[in-house]
file work_11.tsv (TSV, C-alpha atoms)
chain	number	residue	atom	x	y	z
X	8	MET	CA	0.00	0.00	0.00
X	9	PRO	CA	1.55	3.37	-1.02
X	10	LEU	CA	1.98	6.08	1.58
X	11	ALA	CA	-0.48	8.99	1.46
X	12	ARG	CA	0.57	12.31	-0.14
X	13	VAL	CA	-0.24	14.82	2.57
X	14	ILE	CA	2.29	17.69	2.43
X	15	GLY	CA	3.22	20.46	0.00
X	16	ILE	CA	6.14	22.89	-0.35
X	17	PRO	CA	5.67	24.70	3.02
X	18	GLY	CA	5.44	21.42	4.91
X	19	ALA	CA	8.47	20.02	3.07
X	20	VAL	CA	10.49	23.14	3.92
X	21	VAL	CA	9.49	22.86	7.59
X	22	LEU	CA	10.59	19.22	7.73
X	23	GLY	CA	13.85	20.09	5.97
X	24	LEU	CA	14.58	22.90	8.43
X	25	GLY	CA	13.66	20.59	11.28
X	26	SER	CA	16.42	18.26	10.12
X	27	MET	CA	19.05	20.95	9.48
X	28	VAL	CA	18.60	23.45	12.32
X	29	GLY	CA	19.63	21.28	15.23
X	30	THR	CA	22.66	19.47	16.53
X	31	GLY	CA	24.91	21.01	13.87
X	32	VAL	CA	24.42	24.66	14.71
X	33	PHE	CA	24.31	24.15	18.48
X	34	VAL	CA	27.19	21.65	18.78
X	35	THR	CA	29.09	21.06	15.53
X	36	LEU	CA	29.95	24.69	14.75
X	37	GLY	CA	32.14	24.66	17.86
X	38	LEU	CA	33.88	21.49	16.69
X	39	ALA	CA	34.40	22.98	13.23
X	40	ALA	CA	35.78	26.20	14.72
X	41	GLY	CA	38.44	24.12	16.47
X	42	VAL	CA	39.54	22.77	13.07
X	43	ALA	CA	39.15	25.77	10.74
X	44	GLY	CA	39.69	28.60	13.24
X	45	SER	CA	38.67	32.03	12.01
X	46	ALA	CA	38.09	30.55	8.53
X	47	LEU	CA	34.95	28.83	9.84
X	48	PRO	CA	32.61	30.92	7.60
X	49	LEU	CA	34.54	29.71	4.54
X	50	ALA	CA	34.15	26.10	5.72
X	51	ILE	CA	30.40	26.73	6.09
X	52	GLY	CA	30.34	28.13	2.55
X	53	ILE	CA	32.11	25.02	1.20
X	54	ALA	CA	29.68	22.74	3.03
X	55	GLY	CA	26.75	24.80	1.79
X	56	LEU	CA	27.91	24.62	-1.83
X	57	VAL	CA	28.33	20.84	-1.69
X	58	ALA	CA	24.95	20.56	0.05
X	59	MET	CA	23.26	22.61	-2.67
X	60	LEU	CA	24.75	20.44	-5.43
X	61	ASN	CA	23.70	17.30	-3.57
X	62	GLY	CA	20.29	18.77	-2.85
X	63	LEU	CA	19.66	19.51	-6.53
X	64	SER	CA	20.74	15.97	-7.44
X	65	SER	CA	18.47	14.54	-4.76
X	66	ALA	CA	15.58	16.71	-5.89
X	67	ARG	CA	15.89	15.62	-9.51
X	68	LEU	CA	16.03	11.98	-8.53
X	69	ALA	CA	13.11	12.33	-6.10
X	70	ALA	CA	11.00	13.82	-8.88
X	71	ARG	CA	12.06	10.98	-11.21
X	72	HIS	CA	11.36	8.28	-8.58
X	73	PRO	CA	8.65	9.72	-6.27
X	74	VAL	CA	8.62	6.90	-3.72
X	75	ALA	CA	9.95	6.52	-0.18
X	76	GLY	CA	13.58	5.57	0.34
X	77	GLY	CA	15.87	8.25	-1.14
X	78	THR	CA	19.17	7.03	-2.60
X	79	ALA	CA	18.40	3.44	-1.60
X	80	VAL	CA	15.86	3.58	-4.43
X	81	TYR	CA	17.77	5.88	-6.81
X	82	ALA	CA	21.01	3.88	-6.79
X	83	ARG	CA	19.12	0.61	-7.19
X	84	ARG	CA	17.25	1.86	-10.26
X	85	GLU	CA	19.91	4.04	-11.88
X	86	LEU	CA	23.13	2.16	-11.01
X	87	HIS	CA	22.92	-1.41	-9.64
X	88	PRO	CA	20.74	-3.24	-7.10
X	89	MET	CA	23.72	-3.87	-4.79
X	90	LEU	CA	24.58	-0.17	-4.76
X	91	GLY	CA	20.99	0.53	-3.74
X	92	THR	CA	21.40	-1.86	-0.83
X	93	ILE	CA	24.69	-0.23	0.16
X	94	ALA	CA	23.11	3.24	-0.06
X	95	GLY	CA	20.26	2.17	2.19
X	96	TRP	CA	22.61	0.84	4.83
X	97	LEU	CA	24.86	3.88	4.58
X	98	PHE	CA	21.82	6.04	5.28
X	99	LEU	CA	20.83	3.89	8.24
X	100	VAL	CA	24.38	4.15	9.65
X	101	ALA	CA	24.69	7.90	9.05
X	102	LYS	CA	21.30	8.99	10.24
X	103	GLY	CA	20.99	6.33	12.93
X	104	ALA	CA	24.20	7.71	14.43
X	105	SER	CA	22.88	11.28	14.05
X	106	ALA	CA	19.62	10.33	15.74
X	107	ALA	CA	21.52	8.75	18.62
X	108	THR	CA	23.58	11.94	18.88
X	109	ALA	CA	20.38	13.97	19.09
X	110	ALA	CA	18.96	11.74	21.83
X	111	ILE	CA	22.21	11.94	23.84
X	112	GLY	CA	22.28	15.71	23.38
X	113	LEU	CA	18.68	16.14	24.48
X	114	VAL	CA	19.19	14.24	27.71
X	115	GLY	CA	22.48	16.08	28.26
X	116	TYR	CA	20.67	19.41	28.06
X	117	LEU	CA	17.65	18.46	30.16
X	118	ALA	CA	19.13	16.09	32.74
X	119	PRO	CA	22.94	15.86	32.63
X	120	ASP	CA	23.09	13.42	35.54
X	121	ALA	CA	20.39	11.07	34.24
X	122	PRO	CA	21.29	7.39	33.76
X	123	ARG	CA	22.09	6.18	30.25
X	124	VAL	CA	18.77	4.40	29.98
X	125	ALA	CA	17.09	7.84	29.96
X	126	MET	CA	18.27	8.20	26.31
X	127	VAL	CA	15.39	5.88	25.37
X	128	LEU	CA	12.68	8.37	26.38
X	129	PRO	CA	13.18	11.05	23.67
X	130	VAL	CA	13.45	8.28	21.05
X	131	LEU	CA	10.15	6.81	22.23
X	132	ILE	CA	8.41	10.20	22.10
X	133	ALA	CA	9.72	10.83	18.57
X	134	CYS	CA	8.48	7.42	17.42
X	135	VAL	CA	5.01	8.03	18.83
X	136	ILE	CA	4.72	11.38	17.05
X	137	ALA	CA	6.04	9.86	13.81
X	138	TRP	CA	3.45	7.08	14.08
X	139	THR	CA	0.58	9.59	14.23
X	140	GLY	CA	1.43	10.73	10.70
X	141	LEU	CA	3.14	13.54	8.80
X	142	ARG	CA	0.52	16.21	9.47
X	143	LEU	CA	1.13	16.23	13.23
X	144	SER	CA	4.87	15.80	12.64
X	145	VAL	CA	4.90	18.96	10.48
X	146	ILE	CA	3.02	20.95	13.15
X	147	VAL	CA	5.35	19.79	15.94
X	148	THR	CA	8.41	20.48	13.79
X	149	LEU	CA	7.14	23.98	12.90
X	150	VAL	CA	6.80	24.87	16.59
X	151	LEU	CA	10.23	23.45	17.47
X	152	VAL	CA	11.99	25.10	14.51
X	153	GLY	CA	10.33	28.44	15.27
X	154	ILE	CA	11.65	28.37	18.84
X	155	ALA	CA	15.15	27.38	17.68
X	156	VAL	CA	15.39	30.02	14.93
X	157	LEU	CA	14.19	32.77	17.29
X	158	ALA	CA	16.85	31.77	19.83
X	159	LEU	CA	19.61	31.68	17.20
X	160	VAL	CA	18.70	35.03	15.66
X	161	THR	CA	18.59	36.58	19.14
X	162	PHE	CA	22.05	35.17	19.88
X	163	GLY	CA	23.40	36.35	16.53
X	164	THR	CA	22.22	39.93	16.97
X	165	THR	CA	23.38	40.04	20.61
X	166	ALA	CA	26.86	38.63	19.89
X	167	ALA	CA	27.28	40.80	16.80
X	168	GLY	CA	26.58	43.85	18.93
X	169	ALA	CA	29.19	42.95	21.54
X	170	ALA	CA	32.44	44.89	21.90
X	171	GLY	CA	34.30	42.38	19.78
X	172	PHE	CA	37.24	40.04	20.32
X	173	GLU	CA	40.71	41.52	19.88
X	174	PRO	CA	43.32	38.81	19.12
X	175	THR	CA	46.77	39.32	20.66
X	176	THR	CA	48.44	37.67	17.67
X	177	ALA	CA	47.54	37.39	14.02
X	178	PRO	CA	45.42	34.27	13.34
X	179	THR	CA	47.19	31.41	11.61
X	180	PRO	CA	45.73	30.85	8.11
X	181	ALA	CA	43.75	27.63	7.88
X	182	ARG	CA	45.23	24.86	5.74
X	183	ALA	CA	43.16	23.52	2.85
X	184	ILE	CA	42.86	20.13	4.59
X	185	ASP	CA	41.53	21.83	7.71
X	186	LEU	CA	38.93	23.75	5.72
X	187	LEU	CA	37.75	20.54	4.09
X	188	HIS	CA	37.74	18.68	7.43
X	189	ALA	CA	35.64	21.44	9.03
X	190	GLY	CA	33.43	21.54	5.95
X	191	ALA	CA	32.83	17.80	6.28
X	192	LEU	CA	31.71	18.22	9.89
X	193	VAL	CA	29.30	21.02	8.96
X	194	PHE	CA	28.10	19.14	5.87
X	195	VAL	CA	26.63	16.41	8.08
X	196	ALA	CA	24.34	19.02	9.61
X	197	PHE	CA	23.34	20.35	6.17
X	198	THR	CA	22.22	16.99	4.81
X	199	GLY	CA	18.80	17.29	6.42
X	200	TYR	CA	17.48	18.39	3.01
X	201	GLY	CA	17.65	14.69	2.16
X	202	ARG	CA	14.67	14.17	4.43
X	203	ILE	CA	12.57	15.92	1.81
X	204	ALA	CA	13.67	13.40	-0.81
X	205	THR	CA	13.16	10.35	1.40
X	206	LEU	CA	9.59	11.53	2.01
X	207	GLY	CA	8.96	11.90	-1.74
X	208	GLU	CA	6.12	9.38	-1.70
X	209	GLU	CA	4.18	11.63	0.71
X	210	ILE	CA	4.66	15.02	-1.00
X	211	HIS	CA	2.12	16.56	-3.39
X	212	ASP	CA	3.41	17.14	-6.95
X	213	PRO	CA	6.96	15.92	-6.13
X	214	ALA	CA	8.46	17.00	-9.47
X	215	ARG	CA	7.64	20.62	-8.63
X	216	SER	CA	7.60	20.67	-4.84
X	217	ILE	CA	10.79	18.81	-3.96
X	218	PRO	CA	13.35	20.89	-5.93
X	219	ARG	CA	11.87	24.17	-4.67
X	220	ALA	CA	11.70	22.95	-1.08
X	221	VAL	CA	15.33	21.74	-1.19
X	222	VAL	CA	16.70	25.04	-2.55
X	223	ILE	CA	14.72	27.14	-0.04
X	224	THR	CA	15.75	24.94	2.88
X	225	VAL	CA	19.48	24.91	2.06
X	226	LEU	CA	19.66	28.69	1.49
X	227	MET	CA	17.82	29.48	4.73
X	228	THR	CA	20.02	27.11	6.74
X	229	VAL	CA	23.33	28.35	5.32
X	230	ALA	CA	22.31	31.94	6.06
X	231	LEU	CA	21.43	31.04	9.65
X	232	TYR	CA	24.67	29.12	10.23
X	233	LEU	CA	26.73	32.01	8.82
X	234	LEU	CA	24.95	34.50	11.09
X	235	VAL	CA	25.69	32.42	14.18
X	236	ALA	CA	29.30	31.66	13.21
X	237	LEU	CA	30.19	35.23	12.32
X	238	ALA	CA	28.59	36.58	15.49
X	239	ALA	CA	30.37	34.04	17.73
X	240	LEU	CA	33.75	34.68	16.07
X	241	HIS	CA	33.24	38.43	16.42
X	242	ALA	CA	32.37	38.14	20.10
X	243	VAL	CA	34.92	35.66	21.46
X	244	GLY	CA	37.23	34.51	18.66
X	245	ALA	CA	37.81	31.06	17.18
X	246	THR	CA	39.74	29.57	20.10
X	247	ALA	CA	37.15	30.48	22.73
X	248	PHE	CA	34.37	29.34	20.41
X	249	ALA	CA	36.02	25.94	20.00
X	250	GLU	CA	36.70	25.61	23.74
X	251	ALA	CA	33.31	26.88	24.95
X	252	ASP	CA	31.71	24.14	26.99
X	253	GLY	CA	28.76	23.51	29.24
X	254	ASN	CA	25.86	21.15	29.62
X	255	ASP	CA	23.71	23.46	27.51
X	256	GLY	CA	26.20	23.83	24.66
X	257	PRO	CA	28.89	26.24	23.43
X	258	LEU	CA	26.52	28.97	22.19
X	259	ALA	CA	24.80	29.34	25.56
X	260	SER	CA	28.23	29.36	27.22
X	261	ILE	CA	29.34	32.20	24.92
X	262	ALA	CA	26.14	34.12	25.63
X	263	ARG	CA	26.79	33.91	29.37
X	264	SER	CA	30.35	35.15	28.86
X	265	LEU	CA	28.87	38.23	27.16
X	266	ASP	CA	26.78	38.99	30.22
X	267	ALA	CA	23.59	38.04	28.39
X	268	PRO	CA	22.01	35.48	30.73
X	269	GLY	CA	18.58	35.83	29.20
X	270	VAL	CA	19.99	34.94	25.80
X	271	GLY	CA	21.83	31.98	27.31
X	272	SER	CA	18.60	30.59	28.76
X	273	MET	CA	16.81	31.20	25.46
X	274	LEU	CA	19.55	29.31	23.61
X	275	SER	CA	19.22	26.37	25.96
X	276	ILE	CA	15.50	26.21	25.24
X	277	GLY	CA	16.14	26.67	21.52
X	278	ALA	CA	18.70	23.88	21.52
X	279	VAL	CA	16.29	21.46	23.15
X	280	ALA	CA	13.61	22.40	20.62
X	281	ALA	CA	15.96	22.15	17.63
X	282	ILE	CA	17.52	18.83	18.62
X	283	GLY	CA	14.06	17.44	19.37
X	284	GLY	CA	12.99	18.45	15.86
X	285	VAL	CA	16.04	16.79	14.37
X	286	LEU	CA	15.37	13.56	16.24
X	287	LEU	CA	11.74	13.49	15.07
X	288	ASN	CA	12.69	14.10	11.44
X	289	LEU	CA	15.47	11.52	11.55
X	290	VAL	CA	12.98	8.92	12.77
X	291	LEU	CA	10.70	9.88	9.87
X	292	GLY	CA	13.50	9.56	7.30
X	293	LEU	CA	15.03	6.39	8.72
X	294	SER	CA	11.68	4.62	8.84
X	295	ARG	CA	11.08	5.38	5.14
X	296	VAL	CA	14.46	3.93	4.19
X	297	VAL	CA	13.76	0.79	6.24
X	298	LEU	CA	10.44	0.60	4.38
X	299	ALA	CA	12.21	0.90	1.01
X	300	LEU	CA	14.79	-1.76	1.89
X	301	ALA	CA	12.04	-4.15	2.98
X	302	ARG	CA	10.07	-3.51	-0.22
X	303	ASP	CA	13.16	-4.34	-2.27
X	304	GLY	CA	13.83	-7.57	-0.37
X	305	ASP	CA	16.86	-6.40	1.63
X	306	LEU	CA	14.99	-6.66	4.93
X	307	PRO	CA	12.18	-8.99	6.06
X	308	PRO	CA	8.85	-8.21	4.31
X	309	LEU	CA	7.23	-7.50	7.67
X	310	ALA	CA	9.07	-4.15	7.75
X	311	ALA	CA	7.27	-3.13	4.53
X	312	GLY	CA	3.88	-3.10	6.25
X	313	THR	CA	1.97	0.20	6.05
X	314	PRO	CA	-1.25	-0.23	8.05
X	315	GLY	CA	-3.38	2.86	7.59
X	316	GLY	CA	-0.81	4.25	5.15
X	317	ARG	CA	1.87	4.55	7.89
X	318	PRO	CA	5.15	2.56	8.14
X	319	LEU	CA	4.45	1.32	11.67
X	320	VAL	CA	6.82	-1.66	11.73
X	321	ALA	CA	9.63	0.40	10.18
X	322	ILE	CA	9.19	3.05	12.89
X	323	ILE	CA	9.44	0.38	15.60
X	324	VAL	CA	12.61	-1.05	14.00
X	325	VAL	CA	14.19	2.40	13.77
X	326	GLY	CA	13.23	3.38	17.31
X	327	THR	CA	14.75	0.22	18.71
X	328	GLY	CA	18.02	0.65	16.83
X	329	VAL	CA	18.42	4.34	17.66
X	330	ALA	CA	17.66	3.72	21.34
X	331	ILE	CA	20.38	1.05	21.52
X	332	LEU	CA	22.92	3.34	19.83
X	333	ALA	CA	22.03	6.23	22.16
X	334	VAL	CA	22.40	4.16	25.32
X	335	ALA	CA	25.69	2.61	24.21
X	336	GLY	CA	27.37	5.44	22.27
X	337	SER	CA	28.90	8.91	22.59
X	338	ILE	CA	28.41	12.15	20.65
X	339	GLN	CA	31.94	12.31	19.25
X	340	ALA	CA	32.01	8.72	18.00
X	341	ALA	CA	28.49	8.94	16.58
X	342	TRP	CA	29.15	12.20	14.72
X	343	THR	CA	32.42	10.97	13.17
X	344	THR	CA	30.76	7.78	11.97
X	345	SER	CA	27.85	9.80	10.61
X	346	ALA	CA	30.18	12.10	8.64
X	347	ALA	CA	31.87	9.22	6.82
X	348	ALA	CA	28.66	7.35	6.04
X	349	VAL	CA	26.74	10.41	4.87
X	350	LEU	CA	29.49	11.45	2.44
X	351	ALA	CA	29.54	7.97	0.90
X	352	TYR	CA	25.73	8.02	0.72
X	353	TYR	CA	25.57	11.34	-1.10
X	354	GLY	CA	28.40	10.29	-3.36
X	355	LEU	CA	26.04	7.56	-4.61
X	356	THR	CA	23.22	10.12	-4.83
X	357	ASN	CA	25.25	12.33	-7.15
X	358	LEU	CA	26.50	9.39	-9.20
X	359	SER	CA	22.88	8.26	-9.67
X	360	ALA	CA	21.88	11.78	-10.72
X	361	LEU	CA	24.81	12.00	-13.14
X	362	VAL	CA	23.88	8.69	-14.81
X	363	ALA	CA	20.20	9.68	-15.01
X	364	ALA	CA	21.09	13.07	-16.54
X	365	ARG	CA	23.32	11.42	-19.16
X	366	ARG	CA	20.46	9.11	-20.14
X	367	ASP	CA	18.15	12.10	-20.48
X	368	ARG	CA	20.87	14.16	-22.27
X	369	ARG	CA	20.75	17.00	-19.75
X	370	PRO	CA	24.22	18.65	-19.59
X	371	LEU	CA	23.33	20.80	-16.56
X	372	GLY	CA	22.25	17.71	-14.62
X	373	VAL	CA	25.51	15.98	-15.54
X	374	ALA	CA	27.50	19.00	-14.34
X	375	ILE	CA	25.61	19.17	-11.05
X	376	GLY	CA	26.01	15.44	-10.43
X	377	ALA	CA	29.73	15.57	-11.25
X	378	GLY	CA	30.24	18.60	-9.01
X	379	GLY	CA	28.43	16.88	-6.16
X	380	CYS	CA	30.55	13.73	-6.58
X	381	LEU	CA	33.77	15.73	-6.48
X	382	GLY	CA	32.58	17.73	-3.47
X	383	CYS	CA	31.75	14.60	-1.50
X	384	LEU	CA	35.07	13.01	-2.46
X	385	GLY	CA	37.04	16.07	-1.36
X	386	LEU	CA	35.32	16.24	2.02
X	387	ALA	CA	35.60	12.47	2.49
X	388	LEU	CA	39.37	12.49	1.93
X	389	ALA	CA	39.74	15.09	4.69
X	390	LEU	CA	38.25	12.81	7.35
X	391	PRO	CA	40.50	10.65	9.57
X	392	ALA	CA	40.92	7.11	8.21
X	393	PRO	CA	39.46	5.44	11.35
X	394	ALA	CA	36.13	7.18	10.66
X	395	TRP	CA	35.58	4.78	7.76
X	396	ILE	CA	36.06	1.52	9.65
X	397	PRO	CA	32.55	1.23	11.21
X	398	THR	CA	30.94	2.58	8.05
X	399	ILE	CA	32.54	-0.02	5.80
X	400	ALA	CA	31.95	-2.80	8.32
X	401	ILE	CA	28.23	-2.06	8.68
X	402	ALA	CA	27.80	-1.70	4.90
X	403	VAL	CA	29.33	-5.17	4.42
X	404	ILE	CA	27.05	-6.59	7.12
X	405	GLY	CA	24.04	-4.97	5.43
X	406	VAL	CA	24.88	-6.44	2.02
X	407	THR	CA	25.38	-9.85	3.59
X	408	MET	CA	22.04	-9.65	5.40
X	409	ALA	CA	20.34	-8.58	2.17
X	410	ALA	CA	21.82	-11.55	0.30
X	411	ILE	CA	20.58	-13.95	2.98
X	412	GLN	CA	17.15	-12.32	3.01
X	413	ARG	CA	16.82	-12.50	-0.76
X	414	ARG	CA	17.56	-16.22	-0.73
X	415	SER	CA	15.12	-17.01	2.06
X	416	GLY	CA	12.33	-14.44	1.77
X	417	THR	CA	9.92	-12.82	-0.60
X	418	THR	CA	10.06	-9.33	-2.03
X	419	PRO	CA	6.98	-7.10	-1.61
X	420	ARG	CA	5.79	-5.13	-4.62
X	421	VAL	CA	7.29	-1.65	-4.89
X	422	PRO	CA	4.72	1.10	-5.63

call {"tool": "encode", "arguments": {"input": "work_11.tsv", "output": "structure tokens"}}
result
Amino acid sequence: MPLARVIGIPGAVVLGLGSMVGTGVFVTLGLAAGVAGSALPLAIGIAGLVAMLNGLSSARLAARHPVAGGTAVYARRELHPMLGTIAGWLFLVAKGASAATAAIGLVGYLAPDAPRVAMVLPVLIACVIAWTGLRLSVIVTLVLVGIAVLALVTFGTTAAGAAGFEPTTAPTPARAIDLLHAGALVFVAFTGYGRIATLGEEIHDPARSIPRAVVITVLMTVALYLLVALAALHAVGATAFAEADGNDGPLASIARSLDAPGVGSMLSIGAVAAIGGVLLNLVLGLSRVVLALARDGDLPPLAAGTPGGRPLVAIIVVGTGVAILAVAGSIQAAWTTSAAAVLAYYGLTNLSALVAARRDRRPLGVAIGAGGCLGCLGLALALPAPAWIPTIAIAVIGVTMAAIQRRSGTTPRVP
């Protein structure tokens, strides 16, 4: 049974923002500042450019294949079935790790001394909301994103109006490898636009709505990240930004150092709202990819069930996996793993788009796909080699499981 088409461009933009305005801006910008230093805005620009190329590739493919699953479907149909399987598992690794990061971050903000088992609660809440359907999910995400954006804009204007940081020595120019490394970290946060593509089966007029929603979402997010980064660098400098710490995140810590306690409290609330929105949207996206893998025979057919037009079993599978990762993992390990897996995933997205554009004889599509491939490759090469070990291992496990499932099970019909 196909999923119901229930959202248009505004709803798609809201869900995209809910996936992009979250852990990245509240946590990862500090990590990236420690790598790129005062060149952080340039790293954001690099990540934003690669994200836009990838977003346009994803949008074109989503319009061409308007079903749930994202690159797990695109790579299977445009490249090779095995590459579709690999793409699906890369997405599960990348976004499962990101979802676990969000759950850990939420509990860290709200109850720093809570036991590890408390990480299960936000995952459970996100799964319940996702089960109710996309309409309620869009409303909840709109409220959460609104709170987060208000907090970030308030911080940006407050920090930009501060006296300003005066360095005692000239900043050391960032190396190209550092810019790419920082860009890779930020890029993970920007890939929330992919949620729009993975929900393609539930969006009205996908050929028109998805490309517009992707472009709007990426531009809004890059502008917001640049505002926050420039304001923080102006107020305290790159070193203090990278070293800012606290249970409620580096931005709130910077706000308190500026004697703006009200802004610090607002940022803490905004961070909780934003990360909650990210977790909800990751559960939505992950469940659709599980659904697609089950439809294609890579997972047991039971996971392809859509009672009432909702992927209930897939949501339960995702919730269970994310909860286990959150209880057992850490933010640093989860984010590094996510960065490697997501770059490999979007490399396949762009390759799929390039092949599709060549078939359709669209030179612009070929150029966008090629640019996206090169961008992903450049960022991927800047990551530490150990980041790829869990990604490759889980992809191999996923392909092996799919082979076993295909020999022993049946494949549901794909819409």

call {"tool": "atom_distance", "arguments": {"input": "work_11.tsv", "atom1": "CA of Gly163 in chain X", "atom2": "CA of Ala181 in chain X"}}
result
23.8 Å

call {"tool": "closest_residue", "arguments": {"input": "work_11.tsv", "among": "X:Thr344, X:Thr139, X:Thr327, X:Gln412", "to": "Ala387 in chain X", "atoms": "all atoms listed in the file"}}
result
X:Thr344

call {"tool": "closest_residue", "arguments": {"input": "work_11.tsv", "among": "X:Met227, X:Ile203, X:Ala402, X:Ala377", "to": "Ala351 in chain X", "atoms": "all atoms listed in the file"}}
result
X:Ala402

call {"tool": "closest_residue", "arguments": {"input": "work_11.tsv", "among": "X:Val403, X:Ala107, X:Ala299, X:Ala50", "to": "Leu38 in chain X", "atoms": "all atoms listed in the file"}}
result
X:Ala50

call {"tool": "residues_around", "arguments": {"input": "work_11.tsv", "residues": "Leu117 in chain X", "least_positions_apart": "3", "cutoff": "10 Å", "atoms": "all atoms listed in the file", "output": "PyMOL selection string"}}
result
chain X and resi 112-114+120-121+254-255+275-276+279

call {"tool": "residues_around", "arguments": {"input": "work_11.tsv", "residues": "range 24-36 of chain X", "least_positions_apart": "2", "cutoff": "8 Å", "atoms": "all atoms listed in the file", "output": "MDAnalysis selection string"}}
result
chainID X and resid 20:22 38:40 108:109 112 148:149 151:152 155:156 192:193 195:200 202 224 228 232 235:236 256:258 278 281:286 288:289

call {"tool": "closest_residue", "arguments": {"input": "work_11.tsv", "among": "X:Arg219, X:Arg83, X:Arg263, X:His72", "to": "Leu355 in chain X", "atoms": "all atoms listed in the file"}}
result
X:Arg83

call {"tool": "residues_near_point", "arguments": {"input": "work_11.tsv", "point": "(30.8, 26.2, 2.5)", "cutoff": "10 Å", "atoms": "only C-alpha atoms", "output": "MDAnalysis selection string"}}
result
chainID X and resid 47:59 186:187 189:191 193:194 229 233

call {"tool": "residues_near_point", "arguments": {"input": "work_11.tsv", "point": "(6.6, -8.3, 8.5)", "cutoff": "12 Å", "atoms": "all atoms listed in the file", "output": "JSON list (two decimals) with C-alpha atoms, in the frame of the given file"}}
result
[["chain", "number", "residue", "atom", "x", "y", "z"],
["X", 297, "VAL", "CA", 13.76, 0.79, 6.24],
["X", 298, "LEU", "CA", 10.44, 0.60, 4.38],
["X", 301, "ALA", "CA", 12.04, -4.15, 2.98],
["X", 302, "ARG", "CA", 10.07, -3.51, -0.22],
["X", 304, "GLY", "CA", 13.83, -7.57, -0.37],
["X", 306, "LEU", "CA", 14.99, -6.66, 4.93],
["X", 307, "PRO", "CA", 12.18, -8.99, 6.06],
["X", 308, "PRO", "CA", 8.85, -8.21, 4.31],
["X", 309, "LEU", "CA", 7.23, -7.50, 7.67],
["X", 310, "ALA", "CA", 9.07, -4.15, 7.75],
["X", 311, "ALA", "CA", 7.27, -3.13, 4.53],
["X", 312, "GLY", "CA", 3.88, -3.10, 6.25],
["X", 313, "THR", "CA", 1.97, 0.20, 6.05],
["X", 314, "PRO", "CA", -1.25, -0.23, 8.05],
["X", 318, "PRO", "CA", 5.15, 2.56, 8.14],
["X", 319, "LEU", "CA", 4.45, 1.32, 11.67],
["X", 320, "VAL", "CA", 6.82, -1.66, 11.73],
["X", 321, "ALA", "CA", 9.63, 0.40, 10.18],
["X", 323, "ILE", "CA", 9.44, 0.38, 15.60],
["X", 324, "VAL", "CA", 12.61, -1.05, 14.00],
["X", 416, "GLY", "CA", 12.33, -14.44, 1.77],
["X", 417, "THR", "CA", 9.92, -12.82, -0.60],
["X", 418, "THR", "CA", 10.06, -9.33, -2.03],
["X", 419, "PRO", "CA", 6.98, -7.10, -1.61]]

call {"tool": "atom_distance", "arguments": {"input": "work_11.tsv", "atom1": "CA of Gly44 in chain X", "atom2": "CA of Ser260 in chain X"}}
result
18.1 Å

call {"tool": "closest_residue", "arguments": {"input": "work_11.tsv", "among": "X:Ile375, X:Val296, X:Ile184, X:Val406", "to": "Gly76 in chain X", "atoms": "all atoms listed in the file"}}
result
X:Val296

call {"tool": "residues_around", "arguments": {"input": "work_11.tsv", "residues": "range 87-94 of chain X", "least_positions_apart": "6", "cutoff": "12 Å", "atoms": "all atoms listed in the file", "output": "CSV table (one decimal) with C-alpha atoms, in the frame of the given file"}}
result
chain,number,residue,atom,x,y,z
X,76,GLY,CA,13.6,5.6,0.3
X,77,GLY,CA,15.9,8.2,-1.1
X,78,THR,CA,19.2,7.0,-2.6
X,79,ALA,CA,18.4,3.4,-1.6
X,80,VAL,CA,15.9,3.6,-4.4
X,81,TYR,CA,17.8,5.9,-6.8
X,100,VAL,CA,24.4,4.2,9.6
X,101,ALA,CA,24.7,7.9,9.0
X,102,LYS,CA,21.3,9.0,10.2
X,296,VAL,CA,14.5,3.9,4.2
X,297,VAL,CA,13.8,0.8,6.2
X,299,ALA,CA,12.2,0.9,1.0
X,300,LEU,CA,14.8,-1.8,1.9
X,301,ALA,CA,12.0,-4.2,3.0
X,302,ARG,CA,10.1,-3.5,-0.2
X,303,ASP,CA,13.2,-4.3,-2.3
X,304,GLY,CA,13.8,-7.6,-0.4
X,305,ASP,CA,16.9,-6.4,1.6
X,306,LEU,CA,15.0,-6.7,4.9
X,348,ALA,CA,28.7,7.4,6.0
X,349,VAL,CA,26.7,10.4,4.9
X,350,LEU,CA,29.5,11.4,2.4
X,351,ALA,CA,29.5,8.0,0.9
X,352,TYR,CA,25.7,8.0,0.7
X,353,TYR,CA,25.6,11.3,-1.1
X,354,GLY,CA,28.4,10.3,-3.4
X,355,LEU,CA,26.0,7.6,-4.6
X,356,THR,CA,23.2,10.1,-4.8
X,357,ASN,CA,25.2,12.3,-7.2
X,358,LEU,CA,26.5,9.4,-9.2
X,359,SER,CA,22.9,8.3,-9.7
X,362,VAL,CA,23.9,8.7,-14.8
X,398,THR,CA,30.9,2.6,8.0
X,399,ILE,CA,32.5,0.0,5.8
X,400,ALA,CA,32.0,-2.8,8.3
X,401,ILE,CA,28.2,-2.1,8.7
X,402,ALA,CA,27.8,-1.7,4.9
X,403,VAL,CA,29.3,-5.2,4.4
X,404,ILE,CA,27.0,-6.6,7.1
X,405,GLY,CA,24.0,-5.0,5.4
X,406,VAL,CA,24.9,-6.4,2.0
X,407,THR,CA,25.4,-9.8,3.6
X,408,MET,CA,22.0,-9.6,5.4
X,409,ALA,CA,20.3,-8.6,2.2
X,410,ALA,CA,21.8,-11.6,0.3
X,412,GLN,CA,17.2,-12.3,3.0
X,413,ARG,CA,16.8,-12.5,-0.8

call {"tool": "atom_distance", "arguments": {"input": "work_11.tsv", "atom1": "CA of Leu381 in chain X", "atom2": "CA of Leu97 in chain X"}}
result
18.5 Å
